Every structure is written in C-alpha cells, then in structure tokens.
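The structure appears right after this line, and notes come after that.
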Amino acid sequence: MANERIYLSYATAAVAVAAVPLSFFGPGGLRLAVIGLLMLAGPGTALVLLLRLDPPRSMQATGVLPLSIAVAIAFSLAMSTLVATAMIYAGLWSPPAGVFILTATTLALLGFELKRSRTTLAGAK
Amino acid sequence: MTNDTAETVPARTAPGRDEHARHSGAKPPTDRNLGLTPSWKIGALAAVAAVALVLGIWSMTRVDPQQIGGSGLISALPLTYFVALAFSLAGFVASLGLRRFIPGLLTWQVLVLVLILHGADPIIHGLPRLEASFRHLGIADNISQSGQLNTGLDAYFNWPGFFDALGMLSGATGVTDLTGIATWAPVGINVILLAPLLALATRLTSNPRQAWAGVWVFYLTSWVGQDYLAPQAYAFVLLLTLLALLLSTFSGWAWPTDRNRFCRWLARGVSRLDGSVARQGIVGPSRVDAAILVVVCSLILMAMTASHQLTPFAAIPFLAVFLLTGRLRLRFLPVLAVVLPVGWLLFAASAYLQGHTGQLFGSFGDVGANTLGALSTKVSGSDSHMFVVYTRLAEVALVWVLAIIGAITGYRKKTPWLAAAAGTLAPLFLIPAQPYGGELLLRLYLFSLPFAACLAVLPLMSDKIVASDRTGGLGLKRALILLLLGGLLAATTIVTRYGNDSMESFNDDEIAVVNHLYSTAPTGSILIEAVRNTPWKAQHYADYDYRALVAAEARPGAAPLTCDPVNEIARNSGAYVIVTDSQQAAADLRGSTPADDLKHFIATCGTSPGWTKVFENAGGVIFQIQGAKNGK
C-alpha cells in the first residue's frame, strides 16, 4: 500500500512537471493527454494522497476508493475551472500560466504529503 | 444522543474480528475472501463481458444511420446488439450474485455496459451529439482565443467556468479543434461518474452489493442525455462528488439533538422513520483533514456556481434535507450553497440578470406551469416521436414506483432508506422556481436518479444481504428478477435515450455544408438556419450574426415557412440561409413546421428572385440572398 502511494506520487509529479513545457510546445496529442490528465486529476490526486481518508473500521469503508477517485477528479476539475475563471475575470488570460498554477498546486500538495509522511514515520519511531 | 450519528450506531462487525486482525499473524477473514468462488468462474464472467463488448461495438458499427427513423436508434440496431446487451446484463447479475464479492469484476461489467448503452453516438455517428455540443466548443474556442467574456452575447458567458477550463485546455495544448473530446464525452462522462455514483450509493445503502446494483440501475435508466460536453454534465459530476463526500465524512446531526423541543422532535421522527443509519462508507478524517475537506467542499461549490445556472441551486435542497435528517453536520454549508449562486447572479451574471428578470422570476411559484405546462410542450410531434415521449414518461414512472416500493421495504426491514428517499425527493423543491426552458422535469429526474436507483434495488436484496451478511450472493430467484428488470430498463432506455437520434445526431455531409458556409460567407454576415438544429458555431462563435426562423420545438398548427421573413432580414445587408438534414428531422419529429414544409420552402424560395444556391450536397443546402450591400 505504501509503495502504491509512492508510485502514485511519482506519477502525479511527473505529469505535473511535464505539463509545464508541454504547455508551450510538443506534439498536439501528447500535450492534450498530459495537460488533460493534469486538469482532470493532477491536484486532486495530490490532495487525496495528502489526506488520510482512512476508515474508522475497515469493514465499513468499502466506499473509500471510489470516494478518493471522485474527490481527486472533482477537486482537479474545480481547481482548473477556478484558475481559468480567475484569469479571465482578472484580465490575465494565459493558458500556460494556468497550467503552471495547477502544476505548482499539485507539487505543493505532494510536498506537504512528503513532509507529513516523514513526520508520521518519525513519530512512529 | 450526541451530535454525531456515527457514534450512536452500534458497529455491525463481528465481535472480536478487529481484535483478531490486530493480534493474529494469520490473515483475518474479510468480506472479500469469505466463500469460495473458483477462479474459472470469475474468468468466465470477465470473458462474457469482453464478448459483450466486442459484439456490442461490432453491432453498432454495422448500423446504417440512414435507417434511423422517428422512433430513434432502436429501429436500426441489429439483433446482435441485443445479444451483446443481454450478455452484459447477465454478466453483471452473475458477478453480483457470486458468493465472493469482487469489485474489480463488477467495475469491468459496468464499464462494458456504459460502452454498449451509452457509447452509441460516438461509435455509430463519430460526431458530437446535439447541436449544443458544437455551440459549447465554439464558446470555449472564443474564450480561448480572446481571453474575454462577451456577457451580452448569451447566457453561457455569464456562467463561463466550464468553458474557461475547456478554453484553457485548448489554449495550453494548442489543439483548437476539440471535436474528438465532444464526440466521446458521453462515454467519458459516464465513466467519470462511476466513482462518485459508487461512493454515494455506498453511503445510501447497507451493503456493497446493493450499492453496485443501484449504480447499475442508474446507468440503465439514465436516458435524459445530459452527458454530452456541457456545463450541466460537468456540474453533475461535482454535485455527486460533493454529496458523496459530505455523507461520507460529515454525516451526523449538526446540533445536539436534545438542545430544544424542535431538535428532539426532529431526531425522534428521523429515528422512528429510519433508525438504522448506514455506517458503510463512513470515513473518519482527522481534524486537520476535515478542515481541508471543508475547504474542498467550498471550492467544489464555487466551481459549480461559476459553471452552471441550475445545478448550484439544486445543491441547496439536497444539503437542506440532509441537514434536517441528521446526515450533514456542516451547518454553514447550506447557507454557503445559497449565498454563492445568488451572489453570482447578482454580481457576476448581472448583465444577464438585467435583461432576463421576467424569464428568471416570472414563473416563480407557478407549479402548474413549471410542471404540467412544461410537460405538455414535450408531449407532441410525430406518431413515432409520441411513442418515444410516452415511453419516457413510463420509464420515469417505473423508476419512481420502484423507488417508493424500495422505501417502504427499507422502512419495514429497518434497513437504511431515509437518506436515499430524502435525496430522491430533494430536487422536487425546485419545481416552484421556474420551468428552466421546459427542461426542469428532465433535470430533476436526473438529479434524483442516483438516489432513486438505490431504493429501486432494495427489495431485490436478500434479507441476508440487507442485514450486512455480505458472504452470500443474491439467490437465484432474486438474481433472475434483477436480470429481468435490467433487461426491461435497458430496452426501454434504448428507446428513450436514443429516441431523438435522427435530429440529435449529424453526419459528415452536414459538417461539410457548415464548413462551406464559413468559407463562403464573409465575417459579420447574417447566417440563417431554417430550423434551430444546425451543427455550427463550433468556431466563429462571435464572428457572425446567427438567426433561426423557427425553434426545434413543437408548434401545433404552425404556419408554413415563407420567404418573407428571410427577405426582410436580408433586405439591407443580405444573408445566407442554411437548411440541413437534421433540421428536416427536427421539424418532422417535433412538429416545428407542417409536414414536408422545409422541402417546399427550399423549392419555392430557392428559385425566387435574389436567392442563389451556393452549395448543396446530401447533407443540406446553402442559399445566398442578395441585399443592398450584397451579402455583407
């Protein structure tokens, strides 16, 4: 389980980092896939990794995985919408800048998750 | 009684099971590994779904769109499609009935169903469904290119959140043509919906099998077709996630239930109706995580508010009924759900508000006009269309009857039902607001469906399952009834969902006509569609003056179209008129014009003075009408 979290963190970070140069250049299909994935699930996946949506009792928590996926997608879509809308209303429309903000949010949440994991690990020792 | 319902309900785990799990080296028995199911059985069921998928897709590729008539897609589907559907339904029910509960297998079965039942548009037509999809692409393109909102142009720019995000995607990727995304949106959105639906159903039911059956019934009865590339589809995903998150993490009373007389009365009433609050799916976040999740809920509400007119208002009754039934601890959230959309309407959408006050509030409180009045406008059209409309009404009635039976069963069996019933009824509080362009009832059905579906399957869950003994399957009798019900609903949904296919789908010839129009007409020209149902505006959204002679709505006793209105519009600057196949289909289906009137219109007006045919193919025709300034 811990390994799965680590791999997911790496994958999320990789998508977030790759999205920044791809917002300026690259093959259309690849740009659409990576930036689309970031907008669909990037910040939300980082958020879900940061949170500990663990059940109080495992028997009763069969909805945790669907809930985590749902929150990951909804939060990412909400962030994409709010960032894009804020840029429009502020008169600062720049899609690559929007992607950069989403990348920064994703990496920041992953950073908090890393810090939290270390703190928890240190506490356990 | 405390203010946390979760604390008040005894856990239904076997005594000592957790203890055993902590202290024993052996793997404790769980719901997943109790009961032996041979691997070959699991493999066979997965293979059945795979066969259903291949056969279903192959069958859809064999459909000739020209054969799709007034009753929709069902008339053109080959027999093999129904065999595929039967395999898919049987595969799901058999997977659900296994002694061993296997979520991965059920996920595969549901995804196959989604592709077979909701993937017909992209597979058969290969183009976005509904002319609105093209409009939505155009709005996103306009925002992406200009970075500005033309709030005076139409309502979309006053709730631009969804289009802003789509514009950002287009702008950041350099992909200006998002037609592929629009084409596959119905499949993509239904796949995305799976997680929130399942999370929500898990909290509304007492058992994962019931939750999966509820999600399955949702897909079998979701015929309203709001799953195209549209703000409402996007907002629906957010709404379901919000509700699932709240019921999972913030379930319970928002106040001490012994605080005063009203609170005591309320808690007693709720407890009498449904004392068996479901613990399934409850998540216990830490205080910090709970605070973060509150922020997440607020952000989701904000994104919803910025994106769609109706959905944020639909969230209000949901939150209110959950608050009053002890399913929501966050008192401030219903207040925020009111403040955000009202504030948006007053400030961000003020340009729209100023010109549409009558439209927004004119029908307030008029329940008859908003329900039967709006419904009566839909119950008209050709005979085959009337068959589709009546089938839709019958399907809605069936779902509601099943939900009522489910609620009664839940009450009698003392298994969780109240939250699902409250969610089913909550959207109805929107009825007095306004008819929402005659579509309110459709939207309310969609909002209530995830809840109603969970209730509808409750009577089919065995007592053992209802009592949370998850080691047993459905039982043969119940499985057969579920399969029959699924078959009935699936067949009905093919009629109801794809009943308007001849007018809601387009072909390459029509797209070629539209493209030719844009290449011919100078920017700023007046472009007139005979009937409002043209796959245009995907680009050049604000570059032309778009007009329509008649809406694609029923007009009982409608007068024939004449050349005069067009000549009047074109008198000064000239204009272009476009008539397409799907306009003809819409007029025939809905009765927007007298029968064959569009053909007569083309034949008469096309040869009248000043009219020049500039393009024609199998998908439609374009005329240029000379004006004083020669078409510009």
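In the structure tokens, chains take letters A, B, ... by order of appearance, with residues numbered from 1 within each chain and ligands from 1 in the order shown.
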Polymer residues at most 7 Å from B:His308, only C-alpha atoms, same-chain spacing of 6 or more positions, as a list of chain:residue names: B:Trp159, B:Pro231, B:Gln232, B:Ala235
Keeping only C-alpha atoms, write the selected residues as an mmCIF file, in the first residue's frame.
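Here's the written file selection_3.cif:
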data_model
loop_
_atom_site.group_PDB
_atom_site.id
_atom_site.type_symbol
_atom_site.label_atom_id
_atom_site.label_comp_id
_atom_site.auth_asym_id
_atom_site.auth_seq_id
_atom_site.Cartn_x
_atom_site.Cartn_y
_atom_site.Cartn_z
ATOM 1 C CA TRP B 159 -21.638 31.235 -16.185
ATOM 2 C CA PRO B 231 -21.682 22.525 -18.179
ATOM 3 C CA GLN B 232 -24.547 20.521 -16.701
ATOM 4 C CA ALA B 235 -21.614 20.251 -12.677
#
Contact set, chain A to chain B: 9 Å, only C-alpha atoms, as a short mmCIF file (atom, residue, chain, number, x, y, z; two decimals) with N, CA and C atoms, in the first residue's frame:
data_model
loop_
_atom_site.label_atom_id
_atom_site.label_comp_id
_atom_site.auth_asym_id
_atom_site.auth_seq_id
_atom_site.Cartn_x
_atom_site.Cartn_y
_atom_site.Cartn_z
N LEU A 22 5.16 21.30 -21.91
CA LEU A 22 4.20 20.91 -22.95
C LEU A 22 3.13 21.98 -23.19
N SER A 23 2.97 22.90 -22.25
CA SER A 23 2.00 23.97 -22.48
C SER A 23 2.55 25.00 -23.48
N PHE A 24 3.83 24.86 -23.82
CA PHE A 24 4.41 25.77 -24.82
C PHE A 24 4.68 25.08 -26.16
N PHE A 25 5.13 23.84 -26.10
CA PHE A 25 5.45 23.15 -27.36
C PHE A 25 5.32 21.65 -27.17
N GLY A 26 5.34 20.95 -28.30
CA GLY A 26 5.25 19.49 -28.27
C GLY A 26 4.17 18.99 -29.21
N PRO A 27 4.17 17.69 -29.46
CA PRO A 27 3.13 17.13 -30.33
C PRO A 27 1.73 17.33 -29.72
N GLY A 28 0.76 17.68 -30.56
CA GLY A 28 -0.59 18.01 -30.09
C GLY A 28 -1.21 16.92 -29.23
N GLY A 29 -1.09 15.67 -29.69
CA GLY A 29 -1.70 14.56 -28.96
C GLY A 29 -1.11 14.40 -27.57
N LEU A 30 0.22 14.52 -27.49
CA LEU A 30 0.89 14.37 -26.19
C LEU A 30 0.51 15.52 -25.25
N ARG A 31 0.47 16.73 -25.81
CA ARG A 31 0.10 17.90 -24.99
C ARG A 31 -1.32 17.73 -24.44
N LEU A 32 -2.21 17.24 -25.30
CA LEU A 32 -3.60 17.06 -24.88
C LEU A 32 -3.70 15.98 -23.79
N ILE A 35 -1.63 17.44 -20.39
CA ILE A 35 -2.29 18.60 -19.76
C ILE A 35 -3.74 18.24 -19.40
N GLY A 36 -4.37 17.45 -20.27
CA GLY A 36 -5.73 16.99 -19.96
C GLY A 36 -5.74 16.18 -18.67
N MET A 39 -5.31 18.48 -15.66
CA MET A 39 -6.53 19.22 -15.33
C MET A 39 -7.61 18.30 -14.78
N LEU A 50 -2.40 13.41 0.17
CA LEU A 50 -2.10 14.16 1.40
C LEU A 50 -3.08 13.80 2.51
N LEU A 51 -4.33 13.70 2.13
CA LEU A 51 -5.35 13.39 3.15
C LEU A 51 -5.22 11.93 3.60
N ARG A 52 -5.68 11.68 4.76
CA ARG A 52 -5.73 10.27 5.20
C ARG A 52 -7.20 9.87 5.27
N LEU A 53 -7.74 9.53 4.09
CA LEU A 53 -9.16 9.15 4.07
C LEU A 53 -9.32 7.71 4.53
N ASP A 54 -8.75 7.44 5.69
CA ASP A 54 -8.82 6.08 6.18
C ASP A 54 -10.09 5.88 6.97
N PRO A 55 -10.63 4.69 6.88
CA PRO A 55 -11.88 4.41 7.58
C PRO A 55 -11.66 4.19 9.06
N PRO A 56 -12.67 4.47 9.87
CA PRO A 56 -12.55 4.15 11.28
C PRO A 56 -12.50 2.64 11.51
N ARG A 57 -13.23 1.91 10.70
CA ARG A 57 -13.20 0.45 10.77
C ARG A 57 -13.20 -0.07 9.34
N SER A 58 -12.28 -0.92 9.02
CA SER A 58 -12.11 -1.30 7.63
C SER A 58 -13.37 -1.95 7.04
N MET A 59 -14.10 -2.68 7.85
CA MET A 59 -15.28 -3.37 7.34
C MET A 59 -16.33 -2.43 6.76
N GLN A 60 -16.34 -1.21 7.33
CA GLN A 60 -17.39 -0.30 6.91
C GLN A 60 -16.93 0.68 5.84
N ALA A 61 -15.73 0.50 5.33
CA ALA A 61 -15.16 1.54 4.49
C ALA A 61 -15.02 1.12 3.04
N THR A 62 -15.96 0.37 2.56
CA THR A 62 -15.83 -0.13 1.20
C THR A 62 -15.94 0.98 0.17
N GLY A 63 -16.36 2.16 0.59
CA GLY A 63 -16.51 3.24 -0.39
C GLY A 63 -15.33 4.17 -0.46
N VAL A 64 -14.25 3.84 0.23
CA VAL A 64 -13.14 4.78 0.30
C VAL A 64 -12.43 4.96 -1.03
N LEU A 65 -12.19 3.89 -1.77
CA LEU A 65 -11.50 4.04 -3.06
C LEU A 65 -12.34 4.84 -4.06
N PRO A 66 -13.61 4.49 -4.26
CA PRO A 66 -14.42 5.33 -5.16
C PRO A 66 -14.47 6.79 -4.70
N LEU A 67 -14.59 6.98 -3.39
CA LEU A 67 -14.65 8.36 -2.87
C LEU A 67 -13.34 9.09 -3.17
N SER A 68 -12.22 8.42 -2.98
CA SER A 68 -10.93 9.05 -3.24
C SER A 68 -10.80 9.43 -4.71
N ILE A 69 -11.21 8.52 -5.59
CA ILE A 69 -11.13 8.82 -7.03
C ILE A 69 -12.06 10.00 -7.36
N ALA A 70 -13.25 9.96 -6.80
CA ALA A 70 -14.22 11.03 -7.08
C ALA A 70 -13.69 12.38 -6.61
N VAL A 71 -13.11 12.40 -5.40
CA VAL A 71 -12.59 13.67 -4.86
C VAL A 71 -11.40 14.13 -5.71
N ILE A 73 -10.83 13.69 -8.85
CA ILE A 73 -11.30 14.27 -10.12
C ILE A 73 -12.04 15.59 -9.89
N ALA A 74 -12.95 15.58 -8.93
CA ALA A 74 -13.75 16.78 -8.70
C ALA A 74 -12.89 17.96 -8.26
N PHE A 75 -11.93 17.70 -7.38
CA PHE A 75 -11.07 18.80 -6.91
C PHE A 75 -10.21 19.32 -8.07
N LEU A 77 -10.88 19.20 -11.32
CA LEU A 77 -11.74 19.96 -12.25
C LEU A 77 -12.12 21.31 -11.65
N ALA A 78 -12.42 21.30 -10.36
CA ALA A 78 -12.79 22.56 -9.70
C ALA A 78 -11.62 23.55 -9.73
N MET A 79 -10.42 23.05 -9.44
CA MET A 79 -9.25 23.93 -9.46
C MET A 79 -9.01 24.48 -10.86
N SER A 80 -9.12 23.60 -11.86
CA SER A 80 -8.91 24.06 -13.26
C SER A 80 -9.91 25.15 -13.60
N THR A 81 -11.16 24.92 -13.22
CA THR A 81 -12.21 25.89 -13.51
C THR A 81 -11.96 27.22 -12.80
N LEU A 82 -11.63 27.13 -11.53
CA LEU A 82 -11.46 28.36 -10.76
C LEU A 82 -10.22 29.14 -11.22
N VAL A 83 -9.15 28.44 -11.54
CA VAL A 83 -7.94 29.12 -12.02
C VAL A 83 -8.24 29.82 -13.35
N ALA A 84 -8.87 29.07 -14.27
CA ALA A 84 -9.17 29.65 -15.59
C ALA A 84 -10.13 30.84 -15.46
N THR A 85 -11.14 30.68 -14.61
CA THR A 85 -12.13 31.75 -14.44
C THR A 85 -11.50 32.98 -13.77
N MET A 87 -8.42 33.90 -14.02
CA MET A 87 -7.58 34.58 -15.03
C MET A 87 -8.44 35.43 -15.95
N ILE A 88 -9.60 34.88 -16.34
CA ILE A 88 -10.49 35.62 -17.25
C ILE A 88 -10.97 36.91 -16.57
N TYR A 89 -11.48 36.79 -15.35
CA TYR A 89 -12.04 37.97 -14.68
C TYR A 89 -10.95 38.97 -14.29
N GLY A 91 -8.48 39.58 -16.17
CA GLY A 91 -7.92 40.10 -17.42
C GLY A 91 -6.50 39.63 -17.64
N LEU A 92 -6.15 38.49 -17.10
CA LEU A 92 -4.79 37.96 -17.22
C LEU A 92 -4.80 36.59 -17.90
N TRP A 93 -5.52 36.50 -18.98
CA TRP A 93 -5.70 35.20 -19.63
C TRP A 93 -4.38 34.68 -20.21
N SER A 94 -3.94 33.56 -19.71
CA SER A 94 -2.73 32.93 -20.23
C SER A 94 -2.82 31.43 -19.90
N PRO A 95 -3.28 30.61 -20.84
CA PRO A 95 -3.42 29.18 -20.55
C PRO A 95 -2.16 28.51 -20.01
N PRO A 96 -0.95 28.81 -20.56
CA PRO A 96 0.24 28.19 -19.97
C PRO A 96 0.44 28.59 -18.50
N ALA A 97 0.09 29.83 -18.17
CA ALA A 97 0.21 30.26 -16.76
C ALA A 97 -0.77 29.48 -15.89
N GLY A 98 -1.95 29.23 -16.44
CA GLY A 98 -2.93 28.42 -15.71
C GLY A 98 -2.41 27.03 -15.43
N VAL A 99 -1.78 26.44 -16.45
CA VAL A 99 -1.20 25.11 -16.27
C VAL A 99 -0.10 25.15 -15.21
#
Report the residues of stretch 250-433 of chain B whose backbone DSSP state falls under helix (DSSP H, G or I), written as number ranges by chain. B: 261-273, 287-307, 311-324, 332-348, 350-355, 357-361, 367-378, 383-413, 418-430
Might you pull out every residue within 10 Å of stretch 557-562 of chain B, with only C-alpha atoms counted and same-chain residues fewer than 3 positions away left off, and present them as number ranges by chain? B: 530, 549-550, 554, 565-567, 591-598, 600-602, 604-605
Can you write out the residues you just picked, keeping C-alpha atoms, as a PDB file, in the first residue's frame?
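See out35.pdb below for the written result:
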ATOM      1  CA  ALA B 530     -34.451  27.386 -41.142  1.00  0.00           C
ATOM      2  CA  LEU B 549     -36.550  31.052 -38.456  1.00  0.00           C
ATOM      3  CA  VAL B 550     -38.166  28.578 -36.057  1.00  0.00           C
ATOM      4  CA  ALA B 554     -43.480  21.743 -31.159  1.00  0.00           C
ATOM      5  CA  PRO B 565     -39.006  36.696 -43.046  1.00  0.00           C
ATOM      6  CA  VAL B 566     -35.721  35.831 -44.731  1.00  0.00           C
ATOM      7  CA  ASN B 567     -36.082  38.565 -47.327  1.00  0.00           C
ATOM      8  CA  GLY B 591     -43.739  19.235 -35.479  1.00  0.00           C
ATOM      9  CA  SER B 592     -41.973  22.610 -35.718  1.00  0.00           C
ATOM     10  CA  THR B 593     -43.326  23.088 -39.243  1.00  0.00           C
ATOM     11  CA  PRO B 594     -46.041  21.373 -41.267  1.00  0.00           C
ATOM     12  CA  ALA B 595     -45.025  18.049 -42.821  1.00  0.00           C
ATOM     13  CA  ASP B 596     -42.507  18.374 -45.683  1.00  0.00           C
ATOM     14  CA  ASP B 597     -42.619  22.133 -45.310  1.00  0.00           C
ATOM     15  CA  LEU B 598     -38.847  22.538 -45.457  1.00  0.00           C
ATOM     16  CA  HIS B 600     -41.430  23.182 -50.070  1.00  0.00           C
ATOM     17  CA  PHE B 601     -39.557  26.133 -48.575  1.00  0.00           C
ATOM     18  CA  ILE B 602     -36.387  25.174 -50.461  1.00  0.00           C
ATOM     19  CA  THR B 604     -40.165  27.858 -53.636  1.00  0.00           C
ATOM     20  CA  CYS B 605     -37.782  30.301 -52.007  1.00  0.00           C
TER      21      CYS B 605
END
Neighbouring residues of stretch 45-47 of chain A were defined as those with any atom within 6 Å, considering only C-alpha atoms; residues of the same chain fewer than 3 positions away were excluded. Please report them as a ChimeraX atom specification. /A:41-42,50,72,106,109-110
B:Ile625, B:Leu96, B:Ala548, B:Leu113: which is nearest B:Trp611, counting only C-alpha atoms? B:Ile625
Non-local contacts of A:Ala13 (8 Å; only C-alpha atoms; under 2 positions in same chain excluded) as a list in words: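 The residues satisfying every condition are Ser9, Tyr10, Ala11, Val15, Ala16, Val17, Thr106, Leu107 and Leu110 of chain A.
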Please dump the current selection as a PDB file, in the first residue's frame; keep all heavy atoms.
ATOM      1  N   SER A   9       2.499   9.009  -6.257  1.00  0.00           N
ATOM      2  CA  SER A   9       3.074  10.346  -6.047  1.00  0.00           C
ATOM      3  C   SER A   9       4.047  10.686  -7.165  1.00  0.00           C
ATOM      4  O   SER A   9       4.016  11.796  -7.719  1.00  0.00           O
ATOM      5  CB  SER A   9       3.830  10.406  -4.713  1.00  0.00           C
ATOM      6  OG  SER A   9       2.970  10.132  -3.655  1.00  0.00           O
ATOM      7  N   TYR A  10       4.930   9.728  -7.512  1.00  0.00           N
ATOM      8  CA  TYR A  10       5.897   9.967  -8.586  1.00  0.00           C
ATOM      9  C   TYR A  10       5.185  10.238  -9.909  1.00  0.00           C
ATOM     10  O   TYR A  10       5.553  11.158 -10.654  1.00  0.00           O
ATOM     11  CB  TYR A  10       6.825   8.757  -8.748  1.00  0.00           C
ATOM     12  CG  TYR A  10       7.870   8.631  -7.654  1.00  0.00           C
ATOM     13  CD1 TYR A  10       8.336   7.384  -7.256  1.00  0.00           C
ATOM     14  CD2 TYR A  10       8.404   9.764  -7.039  1.00  0.00           C
ATOM     15  CE1 TYR A  10       9.298   7.246  -6.255  1.00  0.00           C
ATOM     16  CE2 TYR A  10       9.359   9.650  -6.032  1.00  0.00           C
ATOM     17  CZ  TYR A  10       9.806   8.388  -5.643  1.00  0.00           C
ATOM     18  OH  TYR A  10      10.745   8.281  -4.655  1.00  0.00           O
ATOM     19  N   ALA A  11       4.171   9.411 -10.195  1.00  0.00           N
ATOM     20  CA  ALA A  11       3.451   9.567 -11.467  1.00  0.00           C
ATOM     21  C   ALA A  11       2.761  10.923 -11.530  1.00  0.00           C
ATOM     22  O   ALA A  11       2.809  11.619 -12.559  1.00  0.00           O
ATOM     23  CB  ALA A  11       2.424   8.441 -11.628  1.00  0.00           C
ATOM     24  N   VAL A  15       3.599  13.937 -14.245  1.00  0.00           N
ATOM     25  CA  VAL A  15       2.603  14.571 -15.115  1.00  0.00           C
ATOM     26  C   VAL A  15       2.603  16.088 -14.897  1.00  0.00           C
ATOM     27  O   VAL A  15       2.584  16.872 -15.852  1.00  0.00           O
ATOM     28  CB  VAL A  15       1.191  13.982 -14.847  1.00  0.00           C
ATOM     29  CG1 VAL A  15       0.106  14.818 -15.507  1.00  0.00           C
ATOM     30  CG2 VAL A  15       1.111  12.545 -15.342  1.00  0.00           C
ATOM     31  N   ALA A  16       2.660  16.481 -13.625  1.00  0.00           N
ATOM     32  CA  ALA A  16       2.618  17.917 -13.302  1.00  0.00           C
ATOM     33  C   ALA A  16       3.831  18.637 -13.883  1.00  0.00           C
ATOM     34  O   ALA A  16       3.695  19.719 -14.484  1.00  0.00           O
ATOM     35  CB  ALA A  16       2.557  18.099 -11.786  1.00  0.00           C
ATOM     36  N   VAL A  17       5.000  18.052 -13.735  1.00  0.00           N
ATOM     37  CA  VAL A  17       6.224  18.699 -14.226  1.00  0.00           C
ATOM     38  C   VAL A  17       6.233  18.723 -15.757  1.00  0.00           C
ATOM     39  O   VAL A  17       6.570  19.733 -16.379  1.00  0.00           O
ATOM     40  CB  VAL A  17       7.470  17.965 -13.669  1.00  0.00           C
ATOM     41  CG1 VAL A  17       8.740  18.477 -14.344  1.00  0.00           C
ATOM     42  CG2 VAL A  17       7.559  18.162 -12.161  1.00  0.00           C
ATOM     43  N   THR A 106      -0.207  21.145  -7.460  1.00  0.00           N
ATOM     44  CA  THR A 106      -0.003  19.694  -7.347  1.00  0.00           C
ATOM     45  C   THR A 106       1.298  19.394  -6.596  1.00  0.00           C
ATOM     46  O   THR A 106       1.315  18.568  -5.657  1.00  0.00           O
ATOM     47  CB  THR A 106       0.053  19.059  -8.759  1.00  0.00           C
ATOM     48  OG1 THR A 106      -1.129  19.420  -9.460  1.00  0.00           O
ATOM     49  CG2 THR A 106       0.158  17.549  -8.677  1.00  0.00           C
ATOM     50  N   LEU A 107       2.369  20.063  -7.012  1.00  0.00           N
ATOM     51  CA  LEU A 107       3.662  19.795  -6.379  1.00  0.00           C
ATOM     52  C   LEU A 107       3.661  20.239  -4.906  1.00  0.00           C
ATOM     53  O   LEU A 107       4.266  19.580  -4.054  1.00  0.00           O
ATOM     54  CB  LEU A 107       4.790  20.488  -7.155  1.00  0.00           C
ATOM     55  CG  LEU A 107       5.005  19.942  -8.585  1.00  0.00           C
ATOM     56  CD1 LEU A 107       6.106  20.738  -9.305  1.00  0.00           C
ATOM     57  CD2 LEU A 107       5.358  18.463  -8.564  1.00  0.00           C
ATOM     58  N   LEU A 110       1.893  17.615  -2.972  1.00  0.00           N
ATOM     59  CA  LEU A 110       2.755  16.435  -2.848  1.00  0.00           C
ATOM     60  C   LEU A 110       3.872  16.686  -1.837  1.00  0.00           C
ATOM     61  O   LEU A 110       4.278  15.788  -1.094  1.00  0.00           O
ATOM     62  CB  LEU A 110       3.361  16.066  -4.216  1.00  0.00           C
ATOM     63  CG  LEU A 110       2.400  15.441  -5.237  1.00  0.00           C
ATOM     64  CD1 LEU A 110       3.083  15.282  -6.595  1.00  0.00           C
ATOM     65  CD2 LEU A 110       1.893  14.086  -4.748  1.00  0.00           C
TER      66      LEU A 110
END
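Remark: for B:Thr377, the closest of the candidate residues B:Ile189, B:Ala552, B:Leu89, B:Leu106 is B:Ala552 (distances computed over only C-alpha atoms).
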Give me, as a list in words, all polymer residues having an atom no more than 9 Å from B:Asp64, counting only C-alpha atoms and skipping those fewer than 4 positions away in the same chain.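 Neighbouring residues, sequence-local ones excluded: Met60, Ile68, Ala76, Leu77 and Ile124 of chain B.
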Can you work out which one of B:Val367, B:Ala314, B:Leu105, B:Val63 has the shortest atom-to-atom distance to B:Gly43, counting only C-alpha atoms?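 Looking at the shortest contact to B:Gly43, the residue is B:Leu105.
The coordinates place atom CA of B:Leu115 at 27.9 Å from atom CA of A:Pro43.
Rounded to one decimal, atom CA of B:Arg287 and atom CA of A:Leu40 lie 27.3 Å from each other.
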